[in-house]
Amino acid sequence: MKVLFIGGTGTISMAITKKLAETDCELYLFNRGSRNEALPKNINIIKGDINNETEAAELLKDYTFDVVCDFIGFGKGQVERDYRLFAGKTKQYMYISSASAYHKPCKSYVITEGTSLANPYWEYSRNKIVCEEYLMQMYRENGFPVTIIRPSHTYDERSIPVAVHGNNGSWSVIRRIMQGKPAIIHGDGSSLWTLTHNSDFAKGFIGLMGNAHAIGEAFQITSDESLTWNQIYEEIARCLGVELKPYYVSSEFLAAVSDYDFTGSLIGDKACSVVFDNSKLKRAVPHFCATTRFDQGLRKSLEYILQHPECQKEDPEFDAWCDRVVEVLEEAKKKLHS
């Protein structure tokens, strides 16, 4: 199978890339080369900027593929470009959408591919919905062989899954927990969430590649394990060998008092209880089973992060903001009790 990935070195795509490198798949990556040093040697690189359509068309003019996947398409203009580049040049086009596109507020905590798409809280999710609608229109009207993939919260060894964090990712939260400082958890920590290790995601994704049952369809690929945010943060502290000091703050308050996009990432996503029904995926890929339990994946991630200083991105602004939120709310408690 001859495959092209647009991107191919991100959290989701790197696991797929490495797994395919162990097979006889002829894999090409089209990207700008910023992380290609970590790739297996048998991967073919087409170095360029996919957003420069003229350049991309020239670089790709002599290629056809069995499968093309865009891991970095976030707006309608990008999938329109992909249609122009790959219509008639691939047997399957796979688009990475997002499970955050499902209806918010949730109509039901059990999510299937038939759950309606609507998210008034997050522009990122609305853009994904627009991309999906355009691609399905091209499938219905022109036979463009599209498959929609909706990941939820997928993680790898370079970062752990937390909900309330700053612009530099999870390290500042890890550090606060290690230092015995309060870790801000949205709501009361009891909402359900699903975390998927990228190695498990890769198994489902590869099973859909070249799969006739996947054309014209949407699939979510997640673990079947659901945890509360309290359980998630408690497991982080347990793996670090320290006591968790949770500090509960409503999602609405967090969104109102910060410059971080907590309206989208919390109210439009992580504050909602979700449990994913992967029955459709398992019908198309009967061997699929997510086998990395969260505590197992988390331990590997923490070991990697603690051994690799490049993953420890300081974020003093976020740390100070957390301290300020706790201070203000503690002062409010004192005033109300006085």
# chains A, B, ... in the order shown; residues from 1 in each chain; ligands from 1

call {"tool": "closest_atom_pairs", "arguments": {"of": "range 174-202 of chain A", "to": "range 247-266 of chain A", "cutoff": "12 Å", "atoms": "only C-alpha atoms", "output": "tab-separated table"}}
result
residue	atom	partner	partner_atom	distance
A:Arg176	CA	A:Tyr247	CA	11.7
A:Ile177	CA	A:Tyr247	CA	11.2
A:Gly180	CA	A:Tyr247	CA	11.7
A:Lys181	CA	A:Tyr247	CA	9.4
A:Pro182	CA	A:Tyr247	CA	5.6
A:Ala183	CA	A:Tyr247	CA	5.6
A:Ile184	CA	A:Tyr247	CA	4.7
A:Ile185	CA	A:Tyr248	CA	5.0
A:His186	CA	A:Val249	CA	5.2
A:Gly187	CA	A:Ser250	CA	4.4
A:Asp188	CA	A:Tyr248	CA	5.6
A:Gly189	CA	A:Tyr248	CA	7.3
A:Ser190	CA	A:Tyr248	CA	10.6
A:Ser191	CA	A:Leu266	CA	11.3
A:Trp193	CA	A:Leu266	CA	11.7

call {"tool": "closest_atom_pairs", "arguments": {"of": "range 132-226 of chain A", "to": "range 106-114 of chain A", "cutoff": "8 Å", "atoms": "only C-alpha atoms", "output": "tab-separated table"}}
result
residue	atom	partner	partner_atom	distance
A:Ala218	CA	A:Glu113	CA	6.5
A:Phe219	CA	A:Glu113	CA	6.3
A:Gln220	CA	A:Glu113	CA	6.7

call {"tool": "select_by_dssp", "arguments": {"residues": "range 134-257 of chain A", "states": "strand (DSSP E)", "output": "ChimeraX atom specification"}}
result
/A:146-151,153-155,183-186,192-197,217-221,226-228,246-249

call {"tool": "select_by_dssp", "arguments": {"residues": "range 132-338 of chain A", "states": "helix (DSSP H, G or I)", "output": "VMD selection string"}}
result
chain A and resid 132 to 142 171 to 178 198 to 208 212 to 214 229 to 240 251 to 256 262 to 270 279 to 284 294 to 307 309 to 311 316 to 337

call {"tool": "atom_distance", "arguments": {"atom1": "CA of Glu317 in chain A", "atom2": "CA of Asn168 in chain A"}}
result
10.1 Å

call {"tool": "closest_residue", "arguments": {"among": "A:Lys2, A:His213, A:Lys245, A:Lys313", "to": "Thr23 in chain A", "atoms": "only C-alpha atoms"}}
result
A:Lys2

call {"tool": "residues_around", "arguments": {"residues": "range 157-163 of chain A", "least_positions_apart": "2", "cutoff": "7 Å", "atoms": "only C-alpha atoms", "output": "JSON list (two decimals) with all heavy atoms, in the first residue's frame"}}
result
[["chain", "number", "residue", "atom", "x", "y", "z"],
["A", 155, "TYR", "N", -2.94, 10.86, 23.84],
["A", 155, "TYR", "CA", -1.68, 11.33, 24.42],
["A", 155, "TYR", "C", -0.54, 10.38, 24.06],
["A", 155, "TYR", "O", -0.75, 9.26, 23.60],
["A", 155, "TYR", "CB", -1.80, 11.46, 25.94],
["A", 155, "TYR", "CG", -1.94, 10.14, 26.68],
["A", 155, "TYR", "CD1", -0.86, 9.57, 27.34],
["A", 155, "TYR", "CD2", -3.17, 9.46, 26.72],
["A", 155, "TYR", "CE1", -0.99, 8.35, 28.01],
["A", 155, "TYR", "CE2", -3.30, 8.26, 27.38],
["A", 155, "TYR", "CZ", -2.21, 7.70, 28.02],
["A", 155, "TYR", "OH", -2.33, 6.50, 28.67],
["A", 165, "HIS", "N", -4.41, 23.75, 32.00],
["A", 165, "HIS", "CA", -2.98, 23.98, 31.84],
["A", 165, "HIS", "C", -2.76, 25.25, 31.03],
["A", 165, "HIS", "O", -3.69, 25.80, 30.43],
["A", 165, "HIS", "CB", -2.30, 22.78, 31.17],
["A", 165, "HIS", "CG", -2.81, 22.49, 29.78],
["A", 165, "HIS", "ND1", -2.39, 23.18, 28.67],
["A", 165, "HIS", "CD2", -3.71, 21.58, 29.33],
["A", 165, "HIS", "CE1", -3.00, 22.73, 27.60],
["A", 165, "HIS", "NE2", -3.83, 21.75, 27.98],
["A", 170, "SER", "N", 1.64, 20.34, 29.82],
["A", 170, "SER", "CA", 1.34, 19.71, 31.11],
["A", 170, "SER", "C", 2.44, 19.83, 32.16],
["A", 170, "SER", "O", 2.20, 19.57, 33.33],
["A", 170, "SER", "CB", 1.03, 18.22, 30.89],
["A", 170, "SER", "OG", 2.16, 17.56, 30.33],
["A", 270, "LYS", "N", -13.87, 19.33, 27.78],
["A", 270, "LYS", "CA", -13.44, 18.48, 28.88],
["A", 270, "LYS", "C", -14.34, 18.54, 30.12],
["A", 270, "LYS", "O", -14.24, 17.66, 30.98],
["A", 270, "LYS", "CB", -11.99, 18.80, 29.26],
["A", 270, "LYS", "CG", -11.00, 18.52, 28.14],
["A", 270, "LYS", "CD", -9.59, 18.89, 28.55],
["A", 270, "LYS", "CE", -8.61, 18.63, 27.42],
["A", 270, "LYS", "NZ", -8.85, 19.54, 26.27],
["A", 298, "LEU", "N", 0.31, 6.35, 31.48],
["A", 298, "LEU", "CA", 0.75, 7.51, 32.26],
["A", 298, "LEU", "C", 2.14, 7.29, 32.85],
["A", 298, "LEU", "O", 3.00, 8.18, 32.81],
["A", 298, "LEU", "CB", -0.25, 7.78, 33.38],
["A", 298, "LEU", "CG", 0.14, 8.86, 34.39],
["A", 298, "LEU", "CD1", 0.20, 10.22, 33.73],
["A", 298, "LEU", "CD2", -0.83, 8.87, 35.56],
["A", 300, "LYS", "N", 4.57, 5.42, 31.79],
["A", 300, "LYS", "CA", 5.57, 5.52, 30.74],
["A", 300, "LYS", "C", 5.81, 6.98, 30.35],
["A", 300, "LYS", "O", 6.95, 7.40, 30.13],
["A", 300, "LYS", "CB", 5.13, 4.73, 29.51],
["A", 300, "LYS", "CG", 5.14, 3.22, 29.71],
["A", 300, "LYS", "CD", 4.66, 2.51, 28.45],
["A", 300, "LYS", "CE", 4.62, 1.00, 28.66],
["A", 300, "LYS", "NZ", 4.13, 0.30, 27.44],
["A", 301, "SER", "N", 4.73, 7.76, 30.27],
["A", 301, "SER", "CA", 4.85, 9.17, 29.90],
["A", 301, "SER", "C", 5.63, 9.95, 30.95],
["A", 301, "SER", "O", 6.53, 10.73, 30.62],
["A", 301, "SER", "CB", 3.46, 9.79, 29.71],
["A", 301, "SER", "OG", 2.78, 9.20, 28.62],
["A", 304, "TYR", "N", 9.30, 9.18, 30.82],
["A", 304, "TYR", "CA", 9.93, 9.83, 29.67],
["A", 304, "TYR", "C", 10.13, 11.33, 29.93],
["A", 304, "TYR", "O", 11.23, 11.88, 29.71],
["A", 304, "TYR", "CB", 9.08, 9.63, 28.41],
["A", 304, "TYR", "CG", 9.71, 10.16, 27.15],
["A", 304, "TYR", "CD1", 10.47, 9.33, 26.35],
["A", 304, "TYR", "CD2", 9.55, 11.49, 26.76],
["A", 304, "TYR", "CE1", 11.07, 9.81, 25.19],
["A", 304, "TYR", "CE2", 10.13, 11.98, 25.61],
["A", 304, "TYR", "CZ", 10.89, 11.14, 24.82],
["A", 304, "TYR", "OH", 11.48, 11.62, 23.68],
["A", 305, "ILE", "N", 9.09, 11.99, 30.41],
["A", 305, "ILE", "CA", 9.16, 13.43, 30.64],
["A", 305, "ILE", "C", 10.22, 13.78, 31.67],
["A", 305, "ILE", "O", 11.02, 14.72, 31.49],
["A", 305, "ILE", "CB", 7.78, 13.96, 31.09],
["A", 305, "ILE", "CG1", 6.77, 13.87, 29.93],
["A", 305, "ILE", "CG2", 7.87, 15.41, 31.59],
["A", 305, "ILE", "CD1", 5.33, 14.07, 30.36],
["A", 311, "CYS", "N", 11.13, 18.21, 27.45],
["A", 311, "CYS", "CA", 9.69, 18.10, 27.70],
["A", 311, "CYS", "C", 9.24, 18.93, 28.89],
["A", 311, "CYS", "O", 8.05, 19.04, 29.16],
["A", 311, "CYS", "CB", 9.31, 16.64, 27.95],
["A", 311, "CYS", "SG", 9.56, 15.55, 26.53]]

call {"tool": "residues_around", "arguments": {"residues": "Lys41 in chain A", "least_positions_apart": "3", "cutoff": "12 Å", "atoms": "only C-alpha atoms", "output": "compact mmCIF listing (two decimals) with C-alpha atoms, in the first residue's frame"}}
result
# COMPACT_ATOMS: atom_id res chain seq x y z
CA THR A 17 4.03 6.41 11.20
CA LYS A 18 6.27 4.22 13.37
CA ALA A 21 7.38 1.63 9.18
CA GLU A 22 7.45 -1.93 10.58
CA LEU A 27 4.93 5.56 3.36
CA TYR A 28 5.54 9.17 2.37
CA ASN A 36 11.78 14.28 11.00
CA GLU A 37 14.96 13.35 12.89
CA ALA A 38 12.87 11.02 15.10
CA ASN A 44 10.05 8.73 2.39
CA ILE A 45 10.06 12.49 2.96

call {"tool": "atom_distance", "arguments": {"atom1": "CA of Asn211 in chain A", "atom2": "CA of Ile72 in chain A"}}
result
22.0 Å

call {"tool": "residues_around", "arguments": {"residues": "Ile12 in chain A", "least_positions_apart": "3", "cutoff": "7 Å", "atoms": "only C-alpha atoms", "output": "list in words"}}
result
Ala15, Thr154 and Asn198 of chain A

call {"tool": "write_last_selection", "arguments": {"atoms": "all heavy atoms", "output": "PDB file, in the first residue's frame"}}
result
ATOM      1  N   ALA A  15       2.748   7.755  16.131  1.00  0.00           N
ATOM      2  CA  ALA A  15       2.569   6.335  16.453  1.00  0.00           C
ATOM      3  C   ALA A  15       2.175   5.546  15.211  1.00  0.00           C
ATOM      4  O   ALA A  15       2.619   4.403  15.020  1.00  0.00           O
ATOM      5  CB  ALA A  15       1.516   6.176  17.545  1.00  0.00           C
ATOM      6  N   THR A 154      -6.100  12.128  22.966  1.00  0.00           N
ATOM      7  CA  THR A 154      -5.058  11.149  22.690  1.00  0.00           C
ATOM      8  C   THR A 154      -3.722  11.698  23.179  1.00  0.00           C
ATOM      9  O   THR A 154      -3.410  12.867  22.967  1.00  0.00           O
ATOM     10  CB  THR A 154      -4.991  10.837  21.187  1.00  0.00           C
ATOM     11  OG1 THR A 154      -6.296  10.476  20.720  1.00  0.00           O
ATOM     12  CG2 THR A 154      -4.033   9.705  20.898  1.00  0.00           C
ATOM     13  N   ASN A 198      -1.655   6.898  22.121  1.00  0.00           N
ATOM     14  CA  ASN A 198      -1.541   6.995  20.665  1.00  0.00           C
ATOM     15  C   ASN A 198      -1.226   5.649  19.996  1.00  0.00           C
ATOM     16  O   ASN A 198      -1.564   5.434  18.836  1.00  0.00           O
ATOM     17  CB  ASN A 198      -0.540   8.076  20.245  1.00  0.00           C
ATOM     18  CG  ASN A 198       0.901   7.764  20.624  1.00  0.00           C
ATOM     19  OD1 ASN A 198       1.184   6.881  21.441  1.00  0.00           O
ATOM     20  ND2 ASN A 198       1.823   8.523  20.076  1.00  0.00           N
TER      21      ASN A 198
END

call {"tool": "closest_residue", "arguments": {"among": "A:Phe71, A:Tyr233, A:Phe144, A:Phe201", "to": "Ile221 in chain A", "atoms": "only C-alpha atoms"}}
result
A:Phe201

call {"tool": "atom_distance", "arguments": {"atom1": "CA of Asp156 in chain A", "atom2": "CA of Val173 in chain A"}}
result
16.5 Å

call {"tool": "residues_around", "arguments": {"residues": "Lys282 in chain A", "least_positions_apart": "5", "cutoff": "12 Å", "atoms": "only C-alpha atoms", "output": "list of chain:residue names"}}
result
A:Lys203, A:Gly204, A:Phe205, A:Gly207, A:Leu208, A:His213, A:Ala214, A:Phe219, A:Gln220, A:Ile221, A:Thr222, A:Ser223, A:Asp224, A:Asp277, A:His287, A:Phe288, A:Cys289, A:Ala290

call {"tool": "write_last_selection", "arguments": {"atoms": "N, CA, C and O atoms", "output": "mmCIF file, in the first residue's frame"}}
result
data_model
loop_
_atom_site.group_PDB
_atom_site.id
_atom_site.type_symbol
_atom_site.label_atom_id
_atom_site.label_comp_id
_atom_site.auth_asym_id
_atom_site.auth_seq_id
_atom_site.Cartn_x
_atom_site.Cartn_y
_atom_site.Cartn_z
ATOM 1 N N LYS A 203 -3.672 1.538 16.064
ATOM 2 C CA LYS A 203 -4.232 0.235 15.667
ATOM 3 C C LYS A 203 -5.573 0.411 14.962
ATOM 4 O O LYS A 203 -5.836 -0.228 13.929
ATOM 5 N N GLY A 204 -6.434 1.264 15.519
ATOM 6 C CA GLY A 204 -7.724 1.498 14.889
ATOM 7 C C GLY A 204 -7.590 2.201 13.547
ATOM 8 O O GLY A 204 -8.263 1.853 12.570
ATOM 9 N N PHE A 205 -6.703 3.183 13.502
ATOM 10 C CA PHE A 205 -6.518 3.966 12.278
ATOM 11 C C PHE A 205 -6.007 3.085 11.142
ATOM 12 O O PHE A 205 -6.542 3.114 10.021
ATOM 13 N N GLY A 207 -6.294 -0.041 10.780
ATOM 14 C CA GLY A 207 -7.341 -0.968 10.377
ATOM 15 C C GLY A 207 -8.353 -0.363 9.418
ATOM 16 O O GLY A 207 -9.027 -1.090 8.673
ATOM 17 N N LEU A 208 -8.466 0.951 9.418
ATOM 18 C CA LEU A 208 -9.387 1.644 8.506
ATOM 19 C C LEU A 208 -8.740 2.016 7.180
ATOM 20 O O LEU A 208 -9.431 2.352 6.220
ATOM 21 N N HIS A 213 -15.127 -0.574 3.830
ATOM 22 C CA HIS A 213 -16.241 -0.215 4.706
ATOM 23 C C HIS A 213 -16.071 1.179 5.316
ATOM 24 O O HIS A 213 -16.998 1.692 5.948
ATOM 25 N N ALA A 214 -14.917 1.786 5.136
ATOM 26 C CA ALA A 214 -14.649 3.090 5.737
ATOM 27 C C ALA A 214 -14.956 4.258 4.804
ATOM 28 O O ALA A 214 -15.046 5.403 5.251
ATOM 29 N N PHE A 219 -15.655 7.708 11.808
ATOM 30 C CA PHE A 219 -15.344 6.788 12.894
ATOM 31 C C PHE A 219 -14.673 7.538 14.032
ATOM 32 O O PHE A 219 -13.798 8.379 13.803
ATOM 33 N N GLN A 220 -15.053 7.218 15.255
ATOM 34 C CA GLN A 220 -14.308 7.682 16.409
ATOM 35 C C GLN A 220 -13.377 6.549 16.843
ATOM 36 O O GLN A 220 -13.730 5.363 16.752
ATOM 37 N N ILE A 221 -12.186 6.915 17.283
ATOM 38 C CA ILE A 221 -11.201 5.922 17.725
ATOM 39 C C ILE A 221 -10.752 6.313 19.121
ATOM 40 O O ILE A 221 -10.009 7.286 19.296
ATOM 41 N N THR A 222 -11.224 5.581 20.117
ATOM 42 C CA THR A 222 -10.861 5.884 21.498
ATOM 43 C C THR A 222 -10.716 4.591 22.294
ATOM 44 O O THR A 222 -11.100 3.514 21.846
ATOM 45 N N SER A 223 -10.191 4.740 23.493
ATOM 46 C CA SER A 223 -10.207 3.647 24.456
ATOM 47 C C SER A 223 -11.638 3.423 24.946
ATOM 48 O O SER A 223 -12.498 4.299 24.817
ATOM 49 N N ASP A 224 -11.882 2.263 25.532
ATOM 50 C CA ASP A 224 -13.169 2.000 26.175
ATOM 51 C C ASP A 224 -13.119 2.300 27.670
ATOM 52 O O ASP A 224 -14.113 2.104 28.373
ATOM 53 N N ASP A 277 -18.856 5.000 22.405
ATOM 54 C CA ASP A 277 -19.265 3.684 21.934
ATOM 55 C C ASP A 277 -18.502 3.403 20.639
ATOM 56 O O ASP A 277 -18.751 4.020 19.606
ATOM 57 N N HIS A 287 -10.506 -6.700 14.846
ATOM 58 C CA HIS A 287 -9.422 -7.004 15.785
ATOM 59 C C HIS A 287 -9.095 -5.829 16.711
ATOM 60 O O HIS A 287 -8.263 -5.971 17.607
ATOM 61 N N PHE A 288 -9.753 -4.688 16.518
ATOM 62 C CA PHE A 288 -9.373 -3.519 17.317
ATOM 63 C C PHE A 288 -9.714 -3.701 18.789
ATOM 64 O O PHE A 288 -10.838 -4.065 19.148
ATOM 65 N N CYS A 289 -8.734 -3.416 19.623
ATOM 66 C CA CYS A 289 -8.942 -3.385 21.066
ATOM 67 C C CYS A 289 -7.880 -2.475 21.666
ATOM 68 O O CYS A 289 -6.684 -2.676 21.432
ATOM 69 N N ALA A 290 -8.308 -1.454 22.399
ATOM 70 C CA ALA A 290 -7.356 -0.579 23.085
ATOM 71 C C ALA A 290 -6.838 -1.315 24.314
ATOM 72 O O ALA A 290 -7.618 -1.713 25.182
#

call {"tool": "closest_residue", "arguments": {"among": "A:Ile16, A:Asn230, A:Asn42, A:Pro151", "to": "Asn278 in chain A", "atoms": "only C-alpha atoms"}}
result
A:Pro151

call {"tool": "residues_around", "arguments": {"residues": "Leu192 in chain A", "least_positions_apart": "5", "cutoff": "6 Å", "atoms": "only C-alpha atoms", "output": "ChimeraX atom specification"}}
result
/A:227-228,273-274

call {"tool": "write_last_selection", "arguments": {"atoms": "all heavy atoms", "output": "PDB file, in the first residue's frame"}}
result
ATOM      1  N   LEU A 227     -12.709   7.447  32.940  1.00  0.00           N
ATOM      2  CA  LEU A 227     -12.246   7.827  34.274  1.00  0.00           C
ATOM      3  C   LEU A 227     -12.813   9.187  34.642  1.00  0.00           C
ATOM      4  O   LEU A 227     -13.096  10.006  33.761  1.00  0.00           O
ATOM      5  CB  LEU A 227     -10.710   7.910  34.304  1.00  0.00           C
ATOM      6  CG  LEU A 227      -9.933   6.645  33.949  1.00  0.00           C
ATOM      7  CD1 LEU A 227      -8.487   7.000  33.647  1.00  0.00           C
ATOM      8  CD2 LEU A 227     -10.004   5.640  35.076  1.00  0.00           C
ATOM      9  N   THR A 228     -12.966   9.433  35.943  1.00  0.00           N
ATOM     10  CA  THR A 228     -13.280  10.798  36.361  1.00  0.00           C
ATOM     11  C   THR A 228     -11.989  11.601  36.370  1.00  0.00           C
ATOM     12  O   THR A 228     -10.877  11.046  36.445  1.00  0.00           O
ATOM     13  CB  THR A 228     -13.896  10.828  37.769  1.00  0.00           C
ATOM     14  OG1 THR A 228     -12.904  10.419  38.729  1.00  0.00           O
ATOM     15  CG2 THR A 228     -15.117   9.931  37.860  1.00  0.00           C
ATOM     16  N   SER A 273     -19.130  15.110  30.600  1.00  0.00           N
ATOM     17  CA  SER A 273     -18.944  13.667  30.716  1.00  0.00           C
ATOM     18  C   SER A 273     -19.183  13.008  29.368  1.00  0.00           C
ATOM     19  O   SER A 273     -20.219  13.248  28.732  1.00  0.00           O
ATOM     20  CB  SER A 273     -19.908  13.082  31.753  1.00  0.00           C
ATOM     21  OG  SER A 273     -19.462  13.307  33.061  1.00  0.00           O
ATOM     22  N   VAL A 274     -18.229  12.215  28.930  1.00  0.00           N
ATOM     23  CA  VAL A 274     -18.379  11.502  27.656  1.00  0.00           C
ATOM     24  C   VAL A 274     -17.874  10.071  27.800  1.00  0.00           C
ATOM     25  O   VAL A 274     -16.843   9.819  28.417  1.00  0.00           O
ATOM     26  CB  VAL A 274     -17.629  12.199  26.502  1.00  0.00           C
ATOM     27  CG1 VAL A 274     -18.308  13.503  26.116  1.00  0.00           C
ATOM     28  CG2 VAL A 274     -16.168  12.457  26.848  1.00  0.00           C
TER      29      VAL A 274
END
